[in-house]
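Source file: start.csv; contents: CSV, C-alpha atoms.
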```csv
chain,number,residue,atom,x,y,z
A,644,MET,CA,-112.0,-23.8,72.8
A,645,ASN,CA,-113.5,-24.9,76.2
A,646,ARG,CA,-110.9,-25.1,79.0
A,647,GLY,CA,-113.5,-26.0,81.7
A,648,LYS,CA,-115.2,-23.8,84.2
A,649,SER,CA,-113.8,-23.0,87.7
A,650,GLU,CA,-117.0,-22.1,89.5
A,651,ASN,CA,-120.7,-21.7,89.0
A,652,ILE,CA,-122.0,-18.2,88.1
A,653,ARG,CA,-125.4,-16.8,88.9
A,654,PRO,CA,-127.6,-16.1,85.9
A,655,VAL,CA,-127.6,-12.3,86.5
A,656,LYS,CA,-123.8,-12.3,86.5
A,657,LEU,CA,-123.6,-14.7,83.6
A,658,TYR,CA,-125.9,-12.5,81.5
A,659,ARG,CA,-123.8,-9.5,82.3
A,660,TYR,CA,-120.7,-11.3,81.0
A,661,LEU,CA,-122.6,-12.4,77.8
A,662,GLU,CA,-123.6,-8.7,77.2
A,663,GLU,CA,-119.9,-7.6,77.7
A,664,ASN,CA,-118.7,-10.2,75.2
A,665,THR,CA,-121.5,-9.7,72.6
A,666,PHE,CA,-120.3,-10.0,69.0
A,667,ASN,CA,-120.2,-6.3,67.9
A,668,PHE,CA,-120.6,-5.0,64.4
A,669,ASN,CA,-122.2,-2.2,62.4
A,670,ASN,CA,-122.5,-4.4,59.3
A,671,LEU,CA,-121.4,-7.9,58.6
A,672,THR,CA,-120.9,-10.2,55.6
A,673,LEU,CA,-120.8,-14.0,56.0
A,674,LYS,CA,-120.0,-16.5,53.2
A,675,PHE,CA,-121.0,-20.0,54.0
A,676,SER,CA,-121.7,-23.5,52.7
A,677,ALA,CA,-124.5,-25.6,54.3
A,678,GLU,CA,-126.4,-28.8,54.3
A,679,ILE,CA,-130.0,-29.2,55.3
A,680,PHE,CA,-131.5,-32.5,56.5
A,681,ALA,CA,-135.3,-33.2,56.3
A,682,GLY,CA,-136.4,-36.7,57.0
A,683,GLU,CA,-134.4,-39.1,54.9
A,684,SER,CA,-133.3,-36.4,52.4
A,685,SER,CA,-130.6,-33.8,52.4
A,686,GLU,CA,-129.5,-30.9,50.2
A,687,THR,CA,-126.3,-28.9,50.0
A,688,PHE,CA,-126.0,-25.2,49.0
A,689,SER,CA,-123.9,-22.1,49.6
A,690,GLY,CA,-124.7,-18.5,50.3
A,691,ILE,CA,-124.0,-15.0,51.4
A,692,ILE,CA,-125.5,-13.1,54.3
A,693,ARG,CA,-125.2,-9.3,54.6
A,694,MET,CA,-126.6,-7.5,57.5
A,695,GLN,CA,-126.8,-4.0,58.9
A,696,LYS,CA,-127.1,-4.3,62.7
A,697,ASP,CA,-130.7,-4.1,64.0
A,698,SER,CA,-131.9,-2.9,60.6
A,699,ILE,CA,-131.7,-5.2,57.5
A,700,MET,CA,-130.6,-8.6,56.5
A,701,TRP,CA,-130.0,-9.8,53.0
A,702,ILE,CA,-129.5,-13.5,52.2
A,703,SER,CA,-128.6,-15.1,48.8
A,704,LEU,CA,-128.8,-18.9,48.5
A,705,ARG,CA,-127.0,-20.7,45.7
A,706,SER,CA,-126.6,-24.2,44.3
A,707,TYR,CA,-123.9,-25.0,41.8
A,708,ASN,CA,-123.1,-21.3,41.7
A,709,ILE,CA,-126.6,-20.4,40.5
A,710,GLU,CA,-128.8,-18.3,42.8
A,711,GLY,CA,-132.0,-20.1,43.8
A,712,ALA,CA,-133.5,-17.8,46.4
A,713,ARG,CA,-133.1,-14.4,47.9
A,714,ILE,CA,-134.4,-13.2,51.2
A,715,VAL,CA,-134.5,-9.7,52.7
A,716,ILE,CA,-135.6,-9.2,56.3
A,717,THR,CA,-136.2,-6.1,58.3
A,718,ASN,CA,-137.7,-5.5,61.8
A,719,ASP,CA,-141.2,-5.6,60.4
A,720,SER,CA,-141.1,-7.3,57.0
A,721,VAL,CA,-139.9,-10.4,55.1
A,722,LYS,CA,-139.4,-10.5,51.4
A,723,TYR,CA,-138.7,-13.8,49.6
A,724,LEU,CA,-137.8,-14.5,46.0
A,725,ASN,CA,-137.6,-18.1,44.7
A,726,ARG,CA,-135.9,-18.1,41.3
A,727,LEU,CA,-136.5,-21.9,40.9
A,728,ASP,CA,-140.3,-21.7,40.6
A,729,ASN,CA,-140.7,-18.0,39.9
A,730,THR,CA,-142.6,-17.1,43.1
A,731,TYR,CA,-142.2,-14.3,45.7
A,732,TYR,CA,-143.5,-13.3,49.1
A,733,LEU,CA,-143.9,-9.8,50.5
A,734,GLY,CA,-145.2,-9.8,54.1
A,735,ASP,CA,-144.3,-10.2,57.7
A,736,PHE,CA,-142.8,-12.7,60.1
A,737,SER,CA,-145.8,-15.0,59.7
A,738,PHE,CA,-143.7,-16.4,56.8
A,739,PHE,CA,-141.3,-18.0,59.3
A,740,THR,CA,-144.1,-19.0,61.7
A,741,GLU,CA,-145.9,-20.9,58.9
A,742,LYS,CA,-142.7,-22.3,57.3
A,743,PHE,CA,-140.8,-23.4,60.4
A,744,GLN,CA,-143.6,-23.6,63.0
A,745,ILE,CA,-141.8,-21.3,65.5
A,746,ASP,CA,-142.1,-17.6,66.4
A,747,LEU,CA,-138.9,-15.7,65.5
A,748,ASP,CA,-138.4,-12.0,65.2
A,749,TYR,CA,-135.6,-10.0,63.6
A,750,ASN,CA,-133.6,-9.8,66.8
A,751,ALA,CA,-133.7,-13.6,67.3
A,752,ILE,CA,-132.6,-14.4,63.8
A,753,GLN,CA,-129.8,-11.8,64.0
A,754,SER,CA,-128.7,-13.2,67.3
A,755,ILE,CA,-128.7,-16.8,66.1
A,756,LEU,CA,-126.5,-15.9,63.1
A,757,THR,CA,-124.0,-13.9,65.2
A,758,ASN,CA,-123.7,-16.2,68.2
A,759,ASN,CA,-125.3,-13.8,70.6
A,760,PHE,CA,-127.7,-14.5,73.4
A,761,PHE,CA,-131.4,-13.5,73.1
A,762,PHE,CA,-134.4,-14.0,75.3
A,763,TYR,CA,-137.2,-16.3,74.1
A,764,PRO,CA,-139.9,-15.1,74.1
A,765,GLU,CA,-138.8,-11.5,73.5
A,766,THR,CA,-138.8,-9.2,76.5
A,767,GLN,CA,-138.7,-5.5,77.1
A,768,ASP,CA,-137.6,-5.9,80.7
A,769,THR,CA,-134.3,-7.8,80.6
A,770,THR,CA,-133.7,-7.3,84.3
A,771,LYS,CA,-137.0,-9.0,85.3
A,772,SER,CA,-136.5,-11.8,82.7
A,773,ILE,CA,-133.0,-12.7,83.7
A,774,ALA,CA,-134.0,-12.7,87.4
A,775,ASN,CA,-136.3,-15.6,86.5
A,776,PHE,CA,-133.5,-17.7,85.2
A,777,LYS,CA,-132.0,-20.5,87.4
A,778,PRO,CA,-128.5,-22.1,87.4
A,779,CYS,CA,-128.4,-25.5,85.8
A,780,ASP,CA,-125.7,-28.3,86.1
A,781,ASP,CA,-123.1,-28.9,83.5
A,782,SER,CA,-119.5,-30.1,84.1
A,783,SER,CA,-117.9,-28.1,81.3
A,784,PHE,CA,-120.0,-25.1,80.5
A,785,TYR,CA,-121.8,-22.4,82.4
A,786,CYS,CA,-125.5,-23.1,82.3
A,787,MET,CA,-128.7,-21.2,83.0
A,788,SER,CA,-132.4,-22.0,82.4
A,789,SER,CA,-135.6,-20.0,82.4
A,790,ILE,CA,-137.1,-22.7,84.6
A,791,SER,CA,-135.6,-24.7,87.5
A,792,GLN,CA,-134.3,-28.2,87.0
A,793,ARG,CA,-136.9,-29.5,89.4
A,794,LYS,CA,-139.7,-27.9,87.4
A,795,TYR,CA,-138.2,-29.2,84.2
A,796,ALA,CA,-138.1,-32.7,85.5
A,797,ARG,CA,-141.7,-32.5,86.7
A,798,TYR,CA,-143.1,-31.1,83.4
A,799,TYR,CA,-141.0,-33.0,80.9
A,800,VAL,CA,-139.4,-36.0,82.6
A,801,ASP,CA,-141.4,-37.3,85.5
A,802,ASP,CA,-144.4,-39.4,84.4
A,803,LYS,CA,-145.5,-40.4,87.9
A,804,ARG,CA,-148.3,-37.8,88.0
A,805,PRO,CA,-149.3,-37.4,84.4
A,806,ASN,CA,-153.0,-36.6,85.1
A,807,ARG,CA,-152.1,-33.5,87.2
A,808,TRP,CA,-149.9,-32.0,84.5
A,809,GLU,CA,-152.3,-33.0,81.7
A,810,ARG,CA,-155.1,-31.1,83.4
A,811,LYS,CA,-152.9,-28.1,83.9
A,812,LEU,CA,-151.7,-28.4,80.3
A,813,ASP,CA,-155.3,-28.7,79.0
A,814,LYS,CA,-156.3,-25.5,80.9
A,815,GLU,CA,-153.2,-23.6,79.6
A,816,THR,CA,-154.0,-24.7,76.0
A,817,ALA,CA,-157.6,-23.6,76.3
A,818,ASP,CA,-156.6,-20.2,77.7
A,819,THR,CA,-154.1,-19.8,74.9
A,820,LEU,CA,-156.7,-20.7,72.2
A,821,ASP,CA,-159.6,-18.7,73.7
A,822,ASN,CA,-157.5,-15.5,74.0
A,823,ASP,CA,-155.7,-15.9,70.7
A,824,MET,CA,-152.4,-15.6,72.6
A,825,LYS,CA,-149.0,-16.3,71.2
A,826,PHE,CA,-146.2,-18.4,72.6
A,827,GLU,CA,-144.8,-15.8,75.0
A,828,SER,CA,-148.0,-15.8,77.1
A,829,ASN,CA,-147.8,-19.3,78.5
A,830,GLU,CA,-145.5,-20.9,81.1
A,831,PHE,CA,-144.8,-23.9,79.0
A,832,VAL,CA,-142.1,-22.2,77.0
A,833,PHE,CA,-138.6,-22.6,78.4
A,834,GLN,CA,-135.0,-21.8,77.4
A,835,ILE,CA,-131.7,-23.4,78.4
A,836,VAL,CA,-128.4,-21.7,77.6
A,837,LYS,CA,-124.9,-23.0,77.9
A,838,VAL,CA,-121.9,-20.7,77.7
A,839,PHE,CA,-118.2,-21.1,76.9
A,840,PRO,CA,-116.0,-20.4,80.0
A,841,GLU,CA,-113.5,-17.5,79.5
A,842,LEU,CA,-115.0,-16.5,76.2
A,843,TYR,CA,-118.5,-15.9,77.6
A,844,ARG,CA,-120.2,-16.7,74.3
A,845,VAL,CA,-123.1,-19.0,73.7
A,846,ARG,CA,-122.1,-22.6,73.2
A,847,ASP,CA,-125.6,-23.9,72.7
A,848,MET,CA,-129.2,-22.9,73.3
A,849,TYR,CA,-132.3,-25.0,73.6
A,850,ILE,CA,-135.9,-23.6,73.4
A,851,GLU,CA,-139.0,-25.6,73.8
A,852,ASN,CA,-142.7,-24.8,73.6
A,853,TYR,CA,-144.4,-27.7,75.4
A,854,ILE,CA,-147.9,-27.0,74.3
A,855,GLN,CA,-147.1,-26.8,70.6
A,856,GLN,CA,-144.5,-29.6,70.9
A,857,GLN,CA,-142.0,-27.4,69.1
A,858,SER,CA,-138.3,-27.0,69.9
A,859,LEU,CA,-135.3,-25.2,68.6
A,860,TYR,CA,-131.7,-26.2,69.3
A,861,ILE,CA,-128.7,-24.1,68.2
A,862,LEU,CA,-125.1,-25.4,68.6
A,863,TYR,CA,-122.0,-23.3,67.9
A,864,ASP,CA,-118.6,-25.0,67.3
A,865,LYS,CA,-115.0,-24.0,66.5
A,866,LEU,CA,-115.0,-20.4,67.7
A,867,THR,CA,-112.1,-18.7,66.0
A,868,LYS,CA,-110.8,-15.1,66.3
A,869,SER,CA,-111.9,-12.9,63.4
A,870,GLU,CA,-110.8,-9.3,63.4
A,871,GLU,CA,-110.3,-9.4,67.2
A,872,GLN,CA,-113.6,-11.1,67.9
A,873,TYR,CA,-114.5,-14.7,68.2
A,874,PHE,CA,-116.9,-16.2,65.7
A,875,PRO,CA,-118.1,-19.8,65.2
A,876,LYS,CA,-116.9,-21.7,62.2
A,877,LYS,CA,-119.9,-24.0,62.4
A,878,ILE,CA,-123.5,-23.4,63.4
A,879,SER,CA,-126.0,-26.3,63.7
A,880,ILE,CA,-129.7,-25.4,63.9
A,881,GLU,CA,-132.3,-28.1,64.6
A,882,LEU,CA,-136.1,-27.5,64.5
A,883,LEU,CA,-138.6,-30.1,65.7
A,884,SER,CA,-142.4,-30.0,65.6
A,885,PRO,CA,-145.3,-32.5,65.1
A,886,MET,CA,-145.1,-31.5,61.4
A,887,PHE,CA,-141.5,-31.9,60.6
A,888,GLU,CA,-137.9,-32.4,61.7
A,889,THR,CA,-135.2,-30.3,60.1
A,890,GLN,CA,-131.5,-29.8,60.8
A,891,LEU,CA,-129.4,-27.1,59.1
A,892,VAL,CA,-125.6,-27.3,59.4
A,893,VAL,CA,-123.8,-24.2,58.3
A,894,ASP,CA,-120.0,-23.9,57.8
A,895,ILE,CA,-118.8,-20.3,57.9
A,896,GLU,CA,-116.1,-19.8,55.2
A,897,SER,CA,-115.4,-16.1,55.8
A,898,VAL,CA,-116.4,-13.2,58.1
A,899,THR,CA,-116.1,-9.6,57.0
A,900,ILE,CA,-116.9,-6.9,59.7
A,901,ASN,CA,-117.8,-3.3,58.9
A,902,SER,CA,-117.3,-3.3,55.1
A,903,GLU,CA,-117.2,0.2,53.6
A,904,SER,CA,-119.9,-0.7,51.0
A,905,MET,CA,-123.0,-2.9,51.4
A,906,SER,CA,-126.0,-3.4,49.0
A,907,TYR,CA,-129.2,-5.3,49.4
A,908,PRO,CA,-130.7,-5.7,45.9
A,909,PHE,CA,-134.2,-7.2,45.6
A,910,LYS,CA,-136.1,-6.9,42.3
A,911,ILE,CA,-139.2,-8.9,41.3
A,912,ALA,CA,-139.7,-9.7,37.6
A,913,GLU,CA,-143.2,-9.5,36.1
A,914,LYS,CA,-143.2,-13.2,35.4
A,915,TYR,CA,-143.1,-14.1,39.2
A,916,THR,CA,-146.3,-15.2,41.1
A,917,GLU,CA,-147.0,-13.9,44.6
A,918,LEU,CA,-147.2,-16.4,47.4
A,919,THR,CA,-149.8,-15.9,50.2
A,920,ILE,CA,-149.7,-17.1,53.8
A,921,GLN,CA,-153.1,-18.3,55.0
```

Will you turn the file into structure tokens for me?
Amino acid sequence: MNRGKSENIRPVKLYRYLEENTFNFNNLTLKFSAEIFAGESSETFSGIIRMQKDSIMWISLRSYNIEGARIVITNDSVKYLNRLDNTYYLGDFSFFTEKFQIDLDYNAIQSILTNNFFFYPETQDTTKSIANFKPCDDSSFYCMSSISQRKYARYYVDDKRPNRWERKLDKETADTLDNDMKFESNEFVFQIVKVFPELYRVRDMYIENYIQQQSLYILYDKLTKSEEQYFPKKISIELLSPMFETQLVVDIESVTINSESMSYPFKIAEKYTELTIQ
């Protein structure tokens, strides 16, 4: 799908092109098959995702045509039903923070699943946030980063002055812990985005929190036209933290945009036991 870029584009202009080429929908249904890798083990499954834009997301996960789990996500709630062990969870996004060791809100999850750009951490002032992005080098794709390449090299690559950066990191960590802050408050979170030329859709995105040693990498492949809009046939998501390493590879089998009828059933039987997040 990539034909090569002809020029570099400033982040402000690149962001405007991304916004103009956002995948648009009122509601959306995705049917998929997937494989998840964790350590030496892997598991295959299939599923259906239904979503009402900016409102609700319904996910059914199946194995051998038997539903094993159901998830319903809204802007401020997460509901999870595990039919394999008869457990359920009713709560907020701490479910994802605890399970995957990374802060993700509804907008981020929706954007990941629809191949759209999002700011991490979330921002209310997109003009100010994009102004902080810098161009980065790539021979095939447009690229922008929330920190400069020089700063990236000094923090994450250059080991010539480790004591200086370790002292700065220790102070930042202490400030974060003392004030009970979240990821968005420290300068050690950065985001790199690469964009398909001509299509102006996200090709891949890398997010890292240096203090927590956590990273999220999302790769989109085989963008194909579906109802006059391009959508990836494959999405790869990789999560790394000190606790685990997980990769999810999703093959999109069908895309239905703006269906006339959508339902989001979620019913808990009396025999189910509630899960709690500490």

Selection: 12 Å around Met848 (chain A), all atoms listed in the file, excl. self and same-chain fewer than 6 positions, as JSON, numbers by chain: {"A": [751, 754, 755, 758, 759, 760, 761, 762, 763, 784, 785, 786, 787, 788, 789, 833, 834, 835, 836, 837, 838, 839, 858, 859, 860, 861, 862, 863, 878, 879, 880, 881]}

Region 698-741 of chain A residues near region 666-681 of chain A within 12 Å, closest pair each, using only C-alpha atoms, as JSON lines:
```
{"residue": "A:Ser698", "atom": "CA", "partner": "A:Asn670", "partner_atom": "CA", "distance": 9.6}
{"residue": "A:Ile699", "atom": "CA", "partner": "A:Asn670", "partner_atom": "CA", "distance": 9.4}
{"residue": "A:Met700", "atom": "CA", "partner": "A:Leu671", "partner_atom": "CA", "distance": 9.5}
{"residue": "A:Trp701", "atom": "CA", "partner": "A:Thr672", "partner_atom": "CA", "distance": 9.5}
{"residue": "A:Ile702", "atom": "CA", "partner": "A:Leu673", "partner_atom": "CA", "distance": 9.5}
{"residue": "A:Ser703", "atom": "CA", "partner": "A:Lys674", "partner_atom": "CA", "distance": 9.8}
{"residue": "A:Leu704", "atom": "CA", "partner": "A:Ser676", "partner_atom": "CA", "distance": 9.4}
{"residue": "A:Arg705", "atom": "CA", "partner": "A:Ser676", "partner_atom": "CA", "distance": 9.2}
{"residue": "A:Ser706", "atom": "CA", "partner": "A:Ser676", "partner_atom": "CA", "distance": 9.7}
{"residue": "A:Tyr707", "atom": "CA", "partner": "A:Ser676", "partner_atom": "CA", "distance": 11.2}
{"residue": "A:Asn708", "atom": "CA", "partner": "A:Ser676", "partner_atom": "CA", "distance": 11.3}
```

Coordinates-based distance that separates CA of Asp768 (chain A) from CA of Phe736 (chain A) (Å, one decimal):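 Spanning CA of Phe736 (chain A) to CA of Asp768 (chain A) is a straight-line distance of 22.3 Å.
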
Among listed residues A:Asp719, A:Leu882, A:Asp746, A:Thr919, nearest Asp697 (chain A) (using all atoms listed in the file):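 Counting all atoms listed in the file, the residue closest to Asp697 (chain A) is A:Asp719.
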
Given all atoms listed in the file as the counted atoms, nearest of A:Leu661, A:Leu727, A:Val655, A:Val721 to Phe909 (chain A):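 Closest residue, counting all atoms listed in the file: A:Val721.
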
d(CA of Asn775 (chain A), CA of Val832 (chain A)) in Å: 12.9 Å
